[in-house]
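Visitor: Structure file model-v5.json (JSON, C-alpha atoms and all ligand atoms) right here:
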[["chain", "number", "residue", "atom", "x", "y", "z"],
["A", 106, "MET", "CA", 15.75, 0.10, -9.07],
["A", 107, "GLU", "CA", 14.75, -2.87, -11.20],
["A", 108, "VAL", "CA", 13.29, -5.72, -9.17],
["A", 109, "THR", "CA", 14.41, -9.16, -10.30],
["A", 110, "SER", "CA", 12.03, -12.10, -10.79],
["A", 111, "ASN", "CA", 13.70, -13.88, -7.88],
["A", 112, "GLU", "CA", 13.01, -10.94, -5.61],
["A", 113, "LEU", "CA", 9.38, -10.86, -6.74],
["A", 114, "ILE", "CA", 8.98, -14.57, -6.13],
["A", 115, "ARG", "CA", 10.57, -14.20, -2.66],
["A", 116, "ARG", "CA", 8.16, -11.41, -1.68],
["A", 117, "TYR", "CA", 5.21, -13.29, -3.09],
["A", 118, "LEU", "CA", 6.04, -16.51, -1.24],
["A", 119, "GLU", "CA", 6.65, -14.66, 2.01],
["A", 120, "GLN", "CA", 3.28, -12.96, 1.78],
["A", 121, "THR", "CA", 1.31, -16.02, 0.77],
["A", 122, "GLN", "CA", 3.03, -18.15, 3.38],
["A", 123, "SER", "CA", 2.02, -15.68, 6.05],
["A", 124, "LEU", "CA", -1.56, -15.89, 4.79],
["A", 125, "TYR", "CA", -1.95, -19.60, 4.11],
["A", 126, "GLY", "CA", 1.02, -21.66, 5.18],
["A", 127, "LYS", "CA", 2.94, -23.39, 2.40],
["A", 128, "GLU", "CA", 0.98, -26.45, 1.38],
["A", 129, "LEU", "CA", -2.54, -25.09, 1.31],
["A", 130, "PHE", "CA", -1.61, -22.19, -0.91],
["A", 131, "ILE", "CA", 0.16, -24.26, -3.55],
["A", 132, "HIS", "CA", -2.74, -26.71, -3.64],
["A", 133, "LYS", "CA", -5.28, -23.93, -4.17],
["A", 134, "VAL", "CA", -3.53, -22.27, -7.08],
["A", 135, "VAL", "CA", -2.73, -25.48, -8.93],
["A", 136, "ASN", "CA", -6.40, -26.46, -8.74],
["A", 137, "ALA", "CA", -7.73, -23.19, -10.15],
["A", 138, "GLN", "CA", -8.50, -24.67, -13.54],
["A", 139, "ASN", "CA", -12.16, -24.24, -14.27],
["A", 140, "GLY", "CA", -14.80, -21.57, -13.81],
["A", 141, "GLU", "CA", -16.26, -22.91, -10.60],
["A", 142, "ASP", "CA", -12.83, -23.13, -8.98],
["A", 143, "ARG", "CA", -12.01, -19.57, -9.94],
["A", 144, "THR", "CA", -15.25, -18.18, -8.54],
["A", 145, "GLN", "CA", -14.75, -19.99, -5.27],
["A", 146, "LEU", "CA", -11.05, -19.25, -5.00],
["A", 147, "LEU", "CA", -11.56, -15.59, -5.67],
["A", 148, "ALA", "CA", -14.35, -15.37, -3.10],
["A", 149, "GLU", "CA", -12.21, -17.21, -0.54],
["A", 150, "TYR", "CA", -9.24, -15.00, -1.30],
["A", 151, "LYS", "CA", -11.32, -11.86, -0.85],
["A", 152, "GLN", "CA", -12.47, -13.14, 2.50],
["A", 153, "GLU", "CA", -8.92, -13.95, 3.54],
["A", 154, "ILE", "CA", -7.27, -10.64, 2.73],
["A", 155, "SER", "CA", -10.02, -8.08, 3.27],
["A", 156, "ALA", "CA", -9.03, -7.34, 6.86],
["A", 157, "CYS", "CA", -5.44, -6.53, 5.80],
["A", 158, "LEU", "CA", -3.56, -4.12, 8.06],
["A", 159, "LYS", "CA", -0.12, -4.61, 6.58],
["A", 160, "CYS", "CA", 0.38, -0.96, 5.70],
["A", 161, "PRO", "CA", -0.89, 2.23, 7.35],
["A", 162, "LEU", "CA", -3.64, 2.64, 4.71],
["A", 163, "GLY", "CA", -5.47, -0.19, 6.46],
["A", 164, "LYS", "CA", -6.16, 2.16, 9.37],
["A", 165, "THR", "CA", -7.46, 5.07, 7.29],
["A", 166, "ARG", "CA", -9.60, 3.19, 4.74],
["A", 167, "LYS", "CA", -13.37, 2.80, 4.90],
["A", 168, "SER", "CA", -13.29, -0.20, 2.53],
["A", 169, "PHE", "CA", -10.79, -2.74, 1.33],
["A", 170, "VAL", "CA", -11.45, -2.53, -2.42],
["A", 171, "PHE", "CA", -10.71, -6.06, -3.59],
["A", 172, "GLY", "CA", -11.98, -5.74, -7.16],
["A", 173, "VAL", "CA", -15.11, -6.53, -9.09],
["A", 174, "GLY", "CA", -16.15, -8.60, -12.04],
["A", 175, "ASP", "CA", -16.19, -11.96, -13.68],
["A", 176, "PRO", "CA", -13.82, -14.52, -12.11],
["A", 177, "ASN", "CA", -13.58, -16.11, -15.57],
["A", 178, "ALA", "CA", -12.84, -12.82, -17.29],
["A", 179, "ARG", "CA", -10.52, -12.84, -20.27],
["A", 180, "LEU", "CA", -9.86, -9.14, -19.77],
["A", 181, "MET", "CA", -8.38, -7.80, -16.53],
["A", 182, "LEU", "CA", -8.16, -4.05, -15.99],
["A", 183, "VAL", "CA", -5.74, -2.77, -13.39],
["A", 184, "GLY", "CA", -5.94, 0.77, -12.05],
["A", 185, "GLU", "CA", -3.90, 2.61, -9.46],
["A", 186, "ALA", "CA", -5.75, 2.83, -6.15],
["A", 187, "PRO", "CA", -9.28, 3.51, -4.87],
["A", 188, "GLY", "CA", -10.42, 7.11, -4.65],
["A", 189, "ALA", "CA", -12.99, 8.59, -2.27],
["A", 190, "GLU", "CA", -16.05, 7.06, -3.95],
["A", 191, "GLU", "CA", -14.40, 3.67, -4.29],
["A", 192, "ASP", "CA", -13.39, 3.78, -0.62],
["A", 193, "ARG", "CA", -16.95, 4.67, 0.35],
["A", 194, "LEU", "CA", -18.62, 2.01, -1.79],
["A", 195, "GLY", "CA", -15.97, -0.75, -1.72],
["A", 196, "GLU", "CA", -15.85, -1.09, -5.50],
["A", 197, "PRO", "CA", -13.17, 0.08, -7.98],
["A", 198, "PHE", "CA", -13.88, 2.76, -10.58],
["A", 199, "VAL", "CA", -17.28, 3.94, -9.42],
["A", 200, "GLY", "CA", -16.60, 7.69, -9.58],
["A", 201, "ARG", "CA", -16.54, 9.91, -12.67],
["A", 202, "ALA", "CA", -13.58, 8.07, -14.21],
["A", 203, "GLY", "CA", -15.36, 4.80, -13.56],
["A", 204, "LYS", "CA", -18.49, 5.94, -15.38],
["A", 205, "LEU", "CA", -16.32, 6.72, -18.40],
["A", 206, "LEU", "CA", -14.66, 3.32, -18.10],
["A", 207, "ASP", "CA", -18.11, 1.69, -18.12],
["A", 208, "LYS", "CA", -18.90, 3.48, -21.39],
["A", 209, "ILE", "CA", -15.62, 2.34, -22.94],
["A", 210, "LEU", "CA", -16.35, -1.25, -21.88],
["A", 211, "ALA", "CA", -19.86, -1.05, -23.36],
["A", 212, "ALA", "CA", -18.31, 0.12, -26.64],
["A", 213, "ILE", "CA", -16.23, -3.07, -26.78],
["A", 214, "LYS", "CA", -19.33, -5.14, -25.90],
["A", 215, "ARG", "CA", -18.37, -5.87, -22.36],
["A", 216, "SER", "CA", -19.20, -4.65, -18.87],
["A", 217, "ARG", "CA", -17.67, -4.74, -15.42],
["A", 218, "THR", "CA", -19.43, -8.05, -14.82],
["A", 219, "LYS", "CA", -19.16, -9.57, -18.30],
["A", 220, "ASP", "CA", -15.78, -11.00, -19.34],
["A", 221, "VAL", "CA", -13.99, -8.30, -17.34],
["A", 222, "PHE", "CA", -12.40, -8.12, -13.91],
["A", 223, "ILE", "CA", -11.41, -4.69, -12.54],
["A", 224, "CYS", "CA", -9.05, -4.05, -9.67],
["A", 225, "ASN", "CA", -6.23, -1.78, -8.57],
["A", 226, "VAL", "CA", -2.59, -2.06, -7.60],
["A", 227, "LEU", "CA", -3.48, -0.78, -4.11],
["A", 228, "LYS", "CA", -6.60, -2.10, -2.42],
["A", 229, "CYS", "CA", -6.92, 0.82, 0.00],
["A", 230, "ARG", "CA", -7.25, 4.54, -0.64],
["A", 231, "PRO", "CA", -4.15, 6.70, -0.15],
["A", 232, "PRO", "CA", -5.01, 9.90, 1.76],
["A", 233, "ASN", "CA", -5.99, 12.79, -0.54],
["A", 234, "ASN", "CA", -5.56, 10.46, -3.53],
["A", 235, "ARG", "CA", -1.78, 10.86, -3.50],
["A", 236, "ASP", "CA", 0.34, 8.47, -5.56],
["A", 237, "PRO", "CA", 0.96, 5.09, -3.92],
["A", 238, "LEU", "CA", 4.21, 4.91, -1.97],
["A", 239, "PRO", "CA", 6.74, 2.25, -3.01],
["A", 240, "SER", "CA", 6.35, 0.64, 0.43],
["A", 241, "GLU", "CA", 2.56, 0.40, -0.07],
["A", 242, "VAL", "CA", 2.99, -1.12, -3.52],
["A", 243, "GLU", "CA", 5.49, -3.63, -2.18],
["A", 244, "LEU", "CA", 3.07, -4.83, 0.50],
["A", 245, "CYS", "CA", -0.07, -4.79, -1.64],
["A", 246, "GLU", "CA", 1.19, -6.09, -4.99],
["A", 247, "PRO", "CA", 1.22, -9.76, -3.92],
["A", 248, "TYR", "CA", -2.58, -9.50, -3.69],
["A", 249, "LEU", "CA", -2.76, -8.38, -7.31],
["A", 250, "ILE", "CA", -0.33, -11.10, -8.37],
["A", 251, "HIS", "CA", -2.51, -13.71, -6.70],
["A", 252, "GLN", "CA", -5.68, -12.32, -8.29],
["A", 253, "ILE", "CA", -4.03, -12.60, -11.70],
["A", 254, "GLN", "CA", -2.99, -16.17, -10.93],
["A", 255, "ILE", "CA", -6.52, -17.17, -10.01],
["A", 256, "ILE", "CA", -8.28, -15.40, -12.90],
["A", 257, "LYS", "CA", -5.66, -16.20, -15.54],
["A", 258, "PRO", "CA", -6.87, -13.49, -17.93],
["A", 259, "HIS", "CA", -6.03, -13.60, -21.64],
["A", 260, "LEU", "CA", -5.12, -9.93, -21.60],
["A", 261, "ILE", "CA", -4.23, -7.41, -18.90],
["A", 262, "VAL", "CA", -4.78, -3.69, -19.48],
["A", 263, "ALA", "CA", -2.91, -1.38, -17.14],
["A", 264, "LEU", "CA", -4.81, 1.89, -16.73],
["A", 265, "GLY", "CA", -2.26, 4.67, -16.38],
["A", 266, "ARG", "CA", 1.42, 5.03, -15.64],
["A", 267, "ILE", "CA", 1.37, 3.75, -12.05],
["A", 268, "ALA", "CA", -0.33, 0.48, -12.94],
["A", 269, "GLY", "CA", 1.90, 0.10, -16.01],
["A", 270, "LYS", "CA", 5.18, 0.67, -14.22],
["A", 271, "THR", "CA", 4.16, -1.53, -11.29],
["A", 272, "LEU", "CA", 3.31, -4.48, -13.50],
["A", 273, "LEU", "CA", 6.23, -4.02, -15.88],
["A", 274, "LYS", "CA", 8.71, -3.32, -13.07],
["A", 275, "GLN", "CA", 10.22, -0.47, -15.03],
["A", 276, "GLU", "CA", 10.35, 3.22, -14.27],
["A", 277, "LEU", "CA", 8.88, 4.39, -17.60],
["A", 278, "MET", "CA", 6.65, 7.21, -18.83],
["A", 279, "LEU", "CA", 3.20, 6.31, -20.07],
["A", 280, "LYS", "CA", 4.11, 7.19, -23.65],
["A", 281, "GLU", "CA", 7.01, 4.75, -23.51],
["A", 282, "MET", "CA", 4.74, 1.90, -22.36],
["A", 283, "ARG", "CA", 1.70, 2.66, -24.51],
["A", 284, "GLY", "CA", 1.24, 1.15, -28.00],
["A", 285, "LYS", "CA", 3.23, -2.01, -27.26],
["A", 286, "LEU", "CA", 2.14, -5.53, -26.52],
["A", 287, "HIS", "CA", 4.08, -6.35, -23.35],
["A", 288, "ASP", "CA", 4.41, -9.69, -21.62],
["A", 289, "TYR", "CA", 3.43, -10.19, -17.98],
["A", 290, "GLN", "CA", 4.46, -13.67, -16.86],
["A", 291, "GLY", "CA", 3.22, -15.10, -20.17],
["A", 292, "ILE", "CA", 0.06, -12.94, -20.31],
["A", 293, "PRO", "CA", -0.15, -10.17, -22.96],
["A", 294, "LEU", "CA", -0.33, -6.72, -21.37],
["A", 295, "ILE", "CA", -1.21, -3.32, -22.80],
["A", 296, "VAL", "CA", -0.78, 0.02, -21.06],
["A", 297, "THR", "CA", -3.26, 2.79, -21.85],
["A", 298, "TYR", "CA", -4.40, 6.09, -20.38],
["A", 299, "HIS", "CA", -6.08, 6.22, -17.01],
["A", 300, "PRO", "CA", -9.75, 7.18, -17.52],
["A", 301, "ALA", "CA", -9.23, 10.18, -15.20],
["A", 302, "ALA", "CA", -6.65, 11.48, -17.70],
["A", 303, "LEU", "CA", -9.30, 11.25, -20.43],
["A", 304, "LEU", "CA", -11.60, 13.41, -18.31],
["A", 305, "ARG", "CA", -8.86, 16.01, -17.87],
["A", 306, "ASN", "CA", -7.79, 16.00, -21.52],
["A", 307, "GLN", "CA", -10.43, 15.30, -24.17],
["A", 308, "ALA", "CA", -7.73, 14.98, -26.85],
["A", 309, "LEU", "CA", -6.66, 11.68, -25.30],
["A", 310, "LYS", "CA", -10.04, 10.07, -25.94],
["A", 311, "TYR", "CA", -9.30, 9.22, -29.54],
["A", 312, "PRO", "CA", -5.97, 7.44, -28.90],
["A", 313, "ALA", "CA", -7.55, 5.70, -25.90],
["A", 314, "TRP", "CA", -10.34, 4.47, -28.14],
["A", 315, "GLU", "CA", -7.72, 3.16, -30.59],
["A", 316, "ASP", "CA", -6.19, 1.22, -27.67],
["A", 317, "PHE", "CA", -9.52, -0.31, -26.71],
["A", 318, "LYS", "CA", -10.29, -1.28, -30.30],
["A", 319, "TRP", "CA", -6.94, -3.08, -30.19],
["A", 320, "VAL", "CA", -7.99, -4.74, -26.91],
["A", 321, "GLN", "CA", -11.19, -5.91, -28.55],
["A", 322, "SER", "CA", -9.40, -7.30, -31.58],
["A", 323, "ILE", "CA", -6.93, -9.19, -29.37],
["A", 324, "LEU", "CA", -9.80, -10.71, -27.38],
["A", 325, "GLU", "CA", -11.55, -11.67, -30.59],
["A", 326, "GLY", "CA", -8.36, -13.28, -31.83],
["A", 327, "LYS", "CA", -7.82, -10.85, -34.68],
["A", 328, "SER", "CA", -4.40, -9.58, -33.67],
["B", 1, "LIG", "N1", -8.73, 5.46, -9.99],
["B", 1, "LIG", "C1", -8.14, 4.25, -9.92],
["B", 1, "LIG", "O1", -7.00, 4.07, -10.34],
["B", 1, "LIG", "N2", -8.84, 3.26, -9.38],
["B", 1, "LIG", "C2", -10.08, 3.39, -8.95],
["B", 1, "LIG", "O2", -10.64, 2.42, -8.48],
["B", 1, "LIG", "C3", -10.67, 4.66, -9.04],
["B", 1, "LIG", "C4", -9.98, 5.67, -9.57]]
Render the structure in this file as structure tokens.
Guide:
Amino acid sequence: MEVTSNELIRRYLEQTQSLYGKELFIHKVVNAQNGEDRTQLLAEYKQEISACLKCPLGKTRKSFVFGVGDPNARLMLVGEAPGAEEDRLGEPFVGRAGKLLDKILAAIKRSRTKDVFICNVLKCRPPNNRDPLPSEVELCEPYLIHQIQIIKPHLIVALGRIAGKTLLKQELMLKEMRGKLHDYQGIPLIVTYHPAALLRNQALKYPAWEDFKWVQSILEGKS
């Protein structure tokens, strides 16, 4: 089912209202204009949502994995959900796939703390690393939406099909989403392979590298 913008806005307002009350929230977002504001807002937001128990994953998690990186990042990477290592350490992409992601970022002259912010659609680990349930995505996505609003990245890269279809609100295969410059609420968005897929299938490394060269050229204003 395609979710309309109105429906998204309704869910988002409901969630933020339950967290902040109406006035405070609107004030905070409108004021997120410079680097200092973003750092503070992101830290405050982390504090505010990290005890979330809205879905059953809140009871089984070790850590609420908010995200990591530069609040002023121009590049935002969005994965699926924390795995076992991420749950243990409270940071996204710290397992084998994460190590590969760090190498890819180094190749485009960035790192998880330099001009990059990394997070996931779900902030808590699904048991046995199963795919996120639609109900979990519905409850957790407003957190991602708010993170994007605070950081205001120049480019979003969705890592894998789940992140891509969640952000694009379309039930598509990865190959249908990859290779296109999408639009996410006015922010350019690219969908590429999940780093775990690159570990499973070496042949995907070359096309993934092509995607990240494209990412680099967009950030450097060359395309
Ligand atoms: N896979 C993801 O999608 N996110 C992580 O944080 C780790 C593995």
Visitor: Can you work out which residues are within 7 Å of ligand LIG 1 (chain B), considering all atoms listed in the file, and then hand them over as a VMD selection string?
Guide: chain A and resid 184 to 188 191 196 to 200 202 to 203 224 to 225
Visitor: With C-alpha atoms kept, could you save the residues just selected as a CSV table (one decimal), in the frame of the given file?
Guide:
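Saved the output as part.csv:
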chain,number,residue,atom,x,y,z
A,184,GLY,CA,-5.9,0.8,-12.0
A,185,GLU,CA,-3.9,2.6,-9.5
A,186,ALA,CA,-5.8,2.8,-6.2
A,187,PRO,CA,-9.3,3.5,-4.9
A,188,GLY,CA,-10.4,7.1,-4.6
A,191,GLU,CA,-14.4,3.7,-4.3
A,196,GLU,CA,-15.8,-1.1,-5.5
A,197,PRO,CA,-13.2,0.1,-8.0
A,198,PHE,CA,-13.9,2.8,-10.6
A,199,VAL,CA,-17.3,3.9,-9.4
A,200,GLY,CA,-16.6,7.7,-9.6
A,202,ALA,CA,-13.6,8.1,-14.2
A,203,GLY,CA,-15.4,4.8,-13.6
A,224,CYS,CA,-9.0,-4.0,-9.7
A,225,ASN,CA,-6.2,-1.8,-8.6
Visitor: Nearest to Gly195 of chain A: which of A:Phe169, A:Phe222, A:Pro312, A:Thr271 is it, counting only C-alpha atoms?
Guide: A:Phe169
Visitor: Restricting the calculation to all atoms listed in the file, which member of A:Leu113, A:Tyr298, A:Leu180, A:Pro232 is positioned closest to Ser216 of chain A?
Guide: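 Between A:Leu113, A:Tyr298, A:Leu180, A:Pro232, the residue approaching Ser216 of chain A most closely is A:Leu180.
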Visitor: Ranking A:His287, A:Ala302, A:Val183, A:Val173 by minimum distance to Ala148 of chain A and counting only C-alpha atoms, which one comes first?
Guide: A:Val173
Visitor: So, with only C-alpha atoms as the atoms that count, which of A:Ala178, A:Glu119, A:Ile223, A:Ile114 lies closest to Gln290 of chain A?
Guide: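 Answer, going by the shortest atom-to-atom distance: A:Ile114.
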Visitor: Excluding Ala156 of chain A and any residue of its chain fewer than 4 positions from it, enumerate the residues within 10 Å of it, using only C-alpha atoms, and give them as JSON, numbers by chain.
Guide: {"A": [151, 152, 163, 168, 169]}
Visitor: Which is closest to Ile261 of chain A among A:Lys214, A:Asp288, A:Leu182, A:Glu276, if we use only C-alpha atoms?
Guide: A:Leu182
Visitor: Between atom CA of Cys245 of chain A and atom CA of Leu227 of chain A, what is the distance, to one decimal in Å?
Guide: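 According to the coordinates, atom CA of Cys245 of chain A and atom CA of Leu227 of chain A are separated by 5.8 Å.
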Visitor: Would you work out the distance separating atom CA of Met282 of chain A from atom CA of Ile295 of chain A, expressed in Å to one decimal?
Guide: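 Atom-to-atom, atom CA of Met282 of chain A and atom CA of Ile295 of chain A are spaced 7.9 Å apart.
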Visitor: Would you kindly identify which residues have an atom no farther than 8 Å from (-3.1, 3.0, -16.6), using only C-alpha atoms and the file's own coordinates, and write them out as number ranges by chain?
Guide: A: 183-185, 262-269, 279, 296-300
Visitor: Just to confirm, what's the straight-line distance from atom CA of Glu190 of chain A to atom CA of Gln145 of chain A in Å (one decimal)?
Guide: 27.1 Å
Visitor: Identify, on the basis of only C-alpha atoms, every residue whose closest approach to Tyr311 of chain A does not exceed 12 Å; exclude the query and any residue fewer than 5 positions from it along the same chain; express the result as a ChimeraX atom specification.
Guide: /A:209,297-298,303,306,316-318
